[in-house]
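Text of the file input-v8.tsv, holding TSV, C-alpha atoms:
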```tsv
chain	number	residue	atom	x	y	z
O	894	MET	CA	89.78	61.99	79.35
O	895	LEU	CA	90.51	62.99	75.76
O	896	LEU	CA	92.10	66.31	75.05
O	897	MET	CA	89.84	68.93	73.49
O	898	THR	CA	91.65	68.58	70.17
O	899	SER	CA	91.01	64.85	70.26
O	900	LEU	CA	87.35	65.37	71.05
O	901	MET	CA	87.05	67.60	68.01
O	902	ALA	CA	88.90	65.08	65.87
O	903	CYS	CA	86.71	62.27	67.17
O	904	GLY	CA	84.04	63.15	64.61
O	905	GLN	CA	86.35	63.08	61.60
O	906	GLN	CA	85.67	60.37	59.06
O	907	GLU	CA	87.64	58.94	56.20
O	908	LYS	CA	86.32	59.72	52.73
O	909	THR	CA	86.60	56.04	51.85
O	910	GLU	CA	83.18	54.42	52.01
O	911	GLY	CA	82.68	52.19	55.05
O	912	THR	CA	85.37	53.74	57.24
O	913	ASP	CA	85.34	56.01	60.27
O	914	SER	CA	88.47	57.76	61.47
O	915	PHE	CA	89.34	58.99	64.98
O	916	VAL	CA	92.38	60.43	66.75
O	917	THR	CA	93.86	59.28	70.07
O	918	PRO	CA	94.86	61.72	72.83
O	919	SER	CA	98.43	61.88	71.51
O	920	GLY	CA	97.36	62.29	67.90
O	921	LYS	CA	97.59	58.74	66.54
O	922	LYS	CA	95.02	57.65	63.98
O	923	VAL	CA	92.41	54.91	64.54
O	924	VAL	CA	90.40	53.81	61.49
O	925	PHE	CA	87.42	51.44	61.67
O	926	THR	CA	86.35	49.61	58.54
O	927	CYS	CA	82.90	48.03	58.49
O	928	ILE	CA	83.15	44.57	56.98
O	929	LYS	CA	79.78	43.02	57.92
O	930	HIS	CA	77.66	41.69	60.79
O	931	ALA	CA	80.17	41.32	63.68
O	932	SER	CA	83.33	41.58	61.58
O	933	ILE	CA	85.34	44.76	62.14
O	934	ARG	CA	88.72	45.84	60.87
O	935	ILE	CA	90.71	48.40	62.89
O	936	ASN	CA	93.93	50.08	61.87
O	937	TYR	CA	95.79	51.86	64.65
O	938	ASP	CA	99.07	53.59	63.97
O	939	GLY	CA	99.90	51.04	61.26
O	940	LYS	CA	98.82	48.01	63.30
O	941	GLU	CA	96.05	45.79	61.92
O	942	PHE	CA	93.29	44.44	64.18
O	943	GLN	CA	90.55	42.06	63.04
O	944	ILE	CA	87.49	41.36	65.20
O	945	ASP	CA	85.48	38.17	64.59
O	946	PRO	CA	86.58	37.71	60.96
O	947	VAL	CA	84.29	35.38	58.99
O	948	THR	CA	84.64	34.49	55.30
O	949	ASN	CA	81.47	32.81	54.07
O	950	LEU	CA	78.74	34.61	55.98
O	951	PRO	CA	77.07	36.69	53.22
O	952	PRO	CA	78.47	38.75	51.70
O	953	VAL	CA	81.52	36.54	51.24
O	954	THR	CA	84.71	38.27	52.39
O	955	ASP	CA	88.09	37.50	50.83
O	956	TYR	CA	90.51	38.12	53.67
O	957	THR	CA	93.47	37.18	51.47
O	958	LYS	CA	93.07	40.61	49.86
O	959	MET	CA	93.45	42.41	53.21
O	960	PRO	CA	96.66	43.11	55.12
O	961	LYS	CA	97.72	40.36	57.50
O	962	ALA	CA	96.60	41.02	61.06
O	963	ASP	CA	98.82	41.92	63.96
O	964	TYR	CA	95.98	41.07	66.34
O	965	ILE	CA	92.86	38.92	65.87
O	966	PHE	CA	90.11	38.91	68.50
O	967	VAL	CA	87.36	36.27	68.58
O	968	THR	CA	84.45	36.67	71.01
O	969	HIS	CA	83.00	33.14	70.85
O	970	GLU	CA	82.63	30.01	68.77
O	971	HIS	CA	79.42	30.61	66.80
O	972	GLY	CA	79.93	30.45	63.04
O	973	ASP	CA	79.12	34.11	62.47
O	974	HIS	CA	82.04	35.04	64.75
O	975	PHE	CA	84.57	32.19	64.56
O	976	ASP	CA	86.00	31.00	61.25
O	977	LYS	CA	89.20	28.98	61.00
O	978	GLN	CA	89.71	29.87	57.33
O	979	ALA	CA	89.45	33.61	57.91
O	980	ILE	CA	91.87	33.36	60.82
O	981	ALA	CA	94.33	31.38	58.69
O	982	ASP	CA	94.07	33.89	55.83
O	983	LEU	CA	94.86	36.79	58.19
O	984	THR	CA	97.64	35.14	60.17
O	985	LYS	CA	101.33	35.90	59.67
O	986	PRO	CA	104.36	35.12	61.84
O	987	GLY	CA	103.82	37.06	65.03
O	988	THR	CA	100.04	37.47	64.75
O	989	LEU	CA	98.44	37.33	68.20
O	990	LEU	CA	95.09	35.54	68.35
O	991	VAL	CA	92.97	36.34	71.42
O	992	THR	CA	89.96	34.11	72.10
O	993	ASN	CA	87.81	32.59	74.78
O	994	ALA	CA	88.73	29.10	75.99
O	995	ARG	CA	86.32	27.25	73.72
O	996	CYS	CA	87.64	28.84	70.49
O	997	ALA	CA	91.23	28.12	71.47
O	998	GLU	CA	90.26	24.50	72.11
O	999	MET	CA	88.55	24.21	68.72
O	1000	LEU	CA	91.42	25.88	66.87
O	1001	GLY	CA	94.25	24.27	68.79
O	1002	ASN	CA	95.94	27.57	69.60
O	1003	GLY	CA	95.29	31.11	70.77
O	1004	THR	CA	95.83	33.32	73.78
O	1005	VAL	CA	92.91	32.60	76.10
O	1006	MET	CA	91.18	35.37	78.01
O	1007	ALA	CA	88.37	34.82	80.50
O	1008	ASN	CA	85.94	37.46	81.73
O	1009	GLY	CA	87.87	39.94	83.86
O	1010	ASP	CA	91.31	39.18	82.42
O	1011	ASN	CA	93.59	42.03	81.31
O	1012	LEU	CA	96.50	41.94	78.88
O	1013	MET	CA	99.09	44.55	77.94
O	1014	LEU	CA	99.75	43.75	74.29
O	1015	ALA	CA	102.14	46.66	73.85
O	1016	GLU	CA	103.06	49.79	75.75
O	1017	ASP	CA	100.09	51.59	74.19
O	1018	ILE	CA	97.72	48.64	73.62
O	1019	GLN	CA	95.68	47.05	76.40
O	1020	VAL	CA	92.72	44.68	76.28
O	1021	GLU	CA	90.23	43.57	78.92
O	1022	ALA	CA	87.86	40.65	78.42
O	1023	VAL	CA	84.37	41.47	79.74
O	1024	PRO	CA	81.21	39.38	80.15
O	1025	ALA	CA	78.82	38.75	77.26
O	1026	TYR	CA	75.75	36.62	77.85
O	1027	ASN	CA	71.97	36.24	77.56
O	1028	THR	CA	69.63	36.98	80.45
O	1029	THR	CA	66.14	36.61	78.96
O	1030	PRO	CA	64.50	33.40	80.25
O	1031	GLY	CA	64.74	30.66	77.66
O	1032	ARG	CA	67.58	32.37	75.80
O	1033	GLU	CA	70.43	31.78	78.22
O	1034	LYS	CA	71.43	28.72	76.15
O	1035	PHE	CA	72.52	30.89	73.24
O	1036	HIS	CA	75.27	32.63	75.19
O	1037	PRO	CA	75.63	31.28	78.72
O	1038	LYS	CA	77.21	33.43	81.39
O	1039	GLY	CA	80.98	33.03	81.72
O	1040	ARG	CA	81.68	31.38	78.35
O	1041	ASP	CA	81.97	34.24	75.86
O	1042	ASN	CA	83.88	37.51	75.76
O	1043	GLY	CA	83.34	41.11	74.92
O	1044	TYR	CA	86.50	43.19	74.70
O	1045	VAL	CA	87.52	46.65	75.84
O	1046	ILE	CA	90.53	47.58	73.73
O	1047	THR	CA	92.50	50.67	74.73
O	1048	LEU	CA	94.74	52.18	72.05
O	1049	ASP	CA	96.88	55.04	73.33
O	1050	GLY	CA	94.09	56.06	75.72
O	1051	PHE	CA	91.35	55.67	73.08
O	1052	ARG	CA	88.84	53.16	74.45
O	1053	ILE	CA	86.84	50.77	72.25
O	1054	TYR	CA	84.15	48.42	73.53
O	1055	VAL	CA	83.23	45.46	71.31
O	1056	ALA	CA	80.35	43.83	73.15
O	1057	GLY	CA	80.10	40.48	71.35
O	1058	ASP	CA	76.79	38.63	71.63
O	1059	THR	CA	75.13	39.87	74.79
O	1060	GLU	CA	72.06	41.47	76.29
O	1061	ASP	CA	72.06	44.61	78.46
O	1062	ILE	CA	73.78	42.94	81.39
O	1063	PRO	CA	74.49	44.62	84.76
O	1064	GLU	CA	78.25	44.43	84.22
O	1065	MET	CA	77.94	47.09	81.52
O	1066	ALA	CA	77.54	49.68	84.27
O	1067	GLU	CA	81.22	49.09	85.10
O	1068	ILE	CA	82.40	49.84	81.55
O	1069	LYS	CA	83.49	53.48	81.67
O	1070	ASN	CA	85.04	56.20	79.49
O	1071	ILE	CA	84.30	54.52	76.17
O	1072	ASP	CA	85.04	56.46	73.00
O	1073	VAL	CA	83.56	53.97	70.52
O	1074	ALA	CA	81.14	51.12	71.31
O	1075	PHE	CA	79.85	48.29	69.15
O	1076	LEU	CA	76.58	46.91	70.57
O	1077	PRO	CA	74.57	44.04	69.00
O	1078	CYS	CA	70.88	44.18	68.19
O	1079	ASN	CA	68.97	41.08	67.09
O	1080	GLN	CA	66.82	39.02	69.42
O	1081	PRO	CA	66.50	36.20	70.27
O	1082	TYR	CA	70.31	36.05	70.20
O	1083	THR	CA	71.33	39.49	71.46
O	1084	MET	CA	69.34	42.66	72.23
O	1085	LEU	CA	66.08	44.29	71.27
O	1086	PRO	CA	66.39	47.95	70.24
O	1087	GLU	CA	65.06	48.95	73.66
O	1088	GLN	CA	67.76	46.88	75.37
O	1089	LEU	CA	70.44	48.35	73.15
O	1090	ALA	CA	69.27	51.87	74.04
O	1091	ARG	CA	69.43	51.00	77.76
O	1092	ALA	CA	72.90	49.56	77.30
O	1093	ALA	CA	74.05	52.66	75.44
O	1094	ARG	CA	72.76	54.91	78.22
O	1095	MET	CA	74.57	52.77	80.80
O	1096	ILE	CA	77.88	52.86	78.95
O	1097	ASN	CA	77.46	56.35	77.48
O	1098	PRO	CA	80.02	56.01	74.67
O	1099	LYS	CA	80.89	59.06	72.62
O	1100	VAL	CA	80.13	57.12	69.42
O	1101	LEU	CA	77.90	54.07	69.04
O	1102	PHE	CA	77.90	51.64	66.13
O	1103	PRO	CA	74.98	49.21	66.39
O	1104	TYR	CA	76.17	45.95	64.83
O	1105	HIS	CA	75.13	42.30	64.37
O	1106	TYR	CA	71.66	43.68	63.64
O	1107	SER	CA	70.47	41.44	60.80
O	1108	ARG	CA	66.99	42.64	59.76
O	1109	THR	CA	66.38	44.84	62.80
O	1110	ASP	CA	65.27	48.35	61.86
O	1111	MET	CA	68.06	50.61	63.12
O	1112	THR	CA	65.95	53.76	62.87
O	1113	THR	CA	64.27	52.55	66.06
O	1114	VAL	CA	67.60	52.67	67.90
O	1115	VAL	CA	68.28	56.17	66.60
O	1116	ASP	CA	64.85	57.32	67.79
O	1117	LEU	CA	65.27	55.70	71.22
O	1118	LEU	CA	68.57	57.51	71.75
O	1119	LYS	CA	67.39	60.96	70.76
O	1120	GLY	CA	68.45	63.39	73.45
O	1121	ALA	CA	71.26	61.14	74.69
O	1122	SER	CA	74.85	62.35	74.44
O	1123	VAL	CA	75.70	59.51	72.05
O	1124	ASP	CA	76.63	59.89	68.38
O	1125	VAL	CA	74.80	56.93	66.77
O	1126	ARG	CA	76.30	55.88	63.45
O	1127	ILE	CA	74.59	53.26	61.32
O	1128	ARG	CA	76.89	51.27	59.09
O	1129	ASN	CA	76.26	48.07	57.13
O	1130	TYR	CA	76.71	45.64	60.02
O	1131	GLN	CA	73.82	43.40	59.05
```
Hey, can you dump this file as structure tokens for me?
Amino acid sequence: MLLMTSLMACGQQEKTEGTDSFVTPSGKKVVFTCIKHASIRINYDGKEFQIDPVTNLPPVTDYTKMPKADYIFVTHEHGDHFDKQAIADLTKPGTLLVTNARCAEMLGNGTVMANGDNLMLAEDIQVEAVPAYNTTPGREKFHPKGRDNGYVITLDGFRIYVAGDTEDIPEMAEIKNIDVAFLPCNQPYTMLPEQLARAARMINPKVLFPYHYSRTDMTTVVDLLKGASVDVRIRNYQ
């Protein structure tokens, strides 16, 4: 559980456009920068994290202008999540790349995590790979069960859930004590707004960023979650 001071600080935001700032239980800063679609930048206590960095998906992102990453996480091999050039641009000596098995095979390197695996990356940094898959009949082919990852990243007790491409799967009921969640919303590949709302109520994060939403109207998600104890924040994750 977060301390009361941390709960109060949880709502603080950076003045810089596109960023949201939070504080861990011991007072360390976590800053999320919205890049686009499923691409997220996180800075924690001076460490740089990149989630599913992609260069050429519009709008084009020049990762050479960003700090090199200490950690890169890739959920799966689709082109809007996995990009060899972006990974190369962000990599420095000592960068740790965490992927599913297929991405590591395609890239020729990477630390592979399967659903259910846990890694201690540092004394205050832990990651768990969790399932991400389709369940709607006829759509299982997009993200078959057991292939792709979501990630629960714990930074000094501050818990972040990056769902990857998934529907509202039963395993989400086991994901607990989440401070910030990123949940996707664009069928046929991920979730309908109604599914996202069900997922959010299952997980009950303190803050929810719908992402990967393409042309989906996010006001629907906000309306569906009225009355829930979830702070829904819409950023430009089209």
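The coordinates place atom CA of Gly1050 of chain O at 11.4 Å from atom CA of Val923 of chain O.
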Choose the residue, out of O:Ile1071, O:Val967, O:Ala994, O:Ile933, that has the smallest atom-to-atom separation from Ile1096 of chain O; count all atoms listed in the file.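 Between O:Ile1071, O:Val967, O:Ala994, O:Ile933, the residue approaching Ile1096 of chain O most closely is O:Ile1071.
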Write out as a Markdown table a residue-level contact list of segment 931-981 of chain O versus segment 1004-1021 of chain O with cut-off 12 Å: for each qualifying residue the closest pair of atoms and the distance in Å to one decimal, counting all atoms listed in the file, rows sorted by chain and residue number upward.
```
| residue | atom | partner | partner_atom | distance |
| --- | --- | --- | --- | --- |
| O:Tyr937 | CA | O:Ile1018 | CA | 9.7 |
| O:Asp938 | CA | O:Asp1017 | CA | 10.5 |
| O:Lys940 | CA | O:Ile1018 | CA | 10.4 |
| O:Phe942 | CA | O:Ile1018 | CA | 11.2 |
| O:Asp963 | CA | O:Leu1014 | CA | 10.5 |
| O:Tyr964 | CA | O:Leu1014 | CA | 9.2 |
| O:Ile965 | CA | O:Thr1004 | CA | 10.1 |
| O:Phe966 | CA | O:Thr1004 | CA | 9.6 |
| O:Val967 | CA | O:Val1005 | CA | 10.0 |
| O:Thr968 | CA | O:Met1006 | CA | 9.8 |
| O:His969 | CA | O:Met1006 | CA | 11.1 |
```
What does the file look like for those residues with C-alpha atoms, as an mmCIF file, in the coordinates of the input?
```cif
data_model
loop_
_atom_site.group_PDB
_atom_site.id
_atom_site.type_symbol
_atom_site.label_atom_id
_atom_site.label_comp_id
_atom_site.auth_asym_id
_atom_site.auth_seq_id
_atom_site.Cartn_x
_atom_site.Cartn_y
_atom_site.Cartn_z
ATOM 1 C CA TYR O 937 95.790 51.860 64.650
ATOM 2 C CA ASP O 938 99.070 53.590 63.970
ATOM 3 C CA LYS O 940 98.820 48.010 63.300
ATOM 4 C CA PHE O 942 93.290 44.440 64.180
ATOM 5 C CA ASP O 963 98.820 41.920 63.960
ATOM 6 C CA TYR O 964 95.980 41.070 66.340
ATOM 7 C CA ILE O 965 92.860 38.920 65.870
ATOM 8 C CA PHE O 966 90.110 38.910 68.500
ATOM 9 C CA VAL O 967 87.360 36.270 68.580
ATOM 10 C CA THR O 968 84.450 36.670 71.010
ATOM 11 C CA HIS O 969 83.000 33.140 70.850
#
```
Quick one: residues within 10 Å of Ile1127 of chain O, only C-alpha atoms counted, chain neighbours fewer than 3 positions away excluded, as a VMD selection string? chain O and resid 1101 to 1104 1111 to 1112 1114 to 1115 1124 1130
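Remark: residues at most 9 Å from position (68.9, 34.0, 74.8) in file coordinates are O:Tyr1026, O:Asn1027, O:Thr1028, O:Thr1029, O:Pro1030, O:Gly1031, O:Arg1032, O:Glu1033, O:Lys1034, O:Phe1035, O:His1036, O:Pro1037, O:Thr1059, O:Glu1060, O:Gln1080, O:Pro1081, O:Tyr1082, O:Thr1083, using all atoms listed in the file.
The closest residue to Ala931 of chain O, picked from O:Lys1038, O:Lys977, O:Arg1126, O:His971 and counting all atoms listed in the file, is O:His971.
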From the options O:Lys1099, O:Arg1108, O:Arg1094, O:Lys929, which residue's atoms come nearest to Ile1053 of chain O, counting all atoms listed in the file?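 Closest to Ile1053 of chain O, using all atoms listed in the file: O:Lys1099.
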To one decimal in Å, tell me the separation between atom CA of His1105 of chain O and atom CA of Asn936 of chain O. 20.5 Å
Which one of O:Glu970, O:Asp1041, O:Asp1072, O:Glu941 sits closest to Glu998 of chain O if you count all atoms listed in the file?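 With all atoms listed in the file as the atom set, the closest residue is O:Glu970.
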Return as JSON the box centre and box size in Å, one decimal, for an axis-aligned box around all listed atoms of segment 921-929 of chain O padded by 6 Å per side.
```
{"center_x": 88.7, "center_y": 50.9, "center_z": 61.8, "size_x": 29.8, "size_y": 27.7, "size_z": 21.6}
```
Could you check the closest approach to Lys1069 of chain O for each of O:Ala1093, O:Val1125, O:Leu1048, O:Val947 and tell me which residue wins, using all atoms listed in the file?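 Checking each of O:Ala1093, O:Val1125, O:Leu1048, O:Val947 against Lys1069 of chain O, counting all atoms listed in the file, the winner is O:Ala1093.
If you look at atom CA of Thr992 of chain O and atom CA of Ala1056 of chain O, they are 13.7 Å away from each other.
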Taking all atoms listed in the file into account, name the residue in O:Gly939, O:Pro1024, O:Pro960, O:Pro951 that is nearest to Gly972 of chain O.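 Using all atoms listed in the file, Gly972 of chain O sits closest to O:Pro951.
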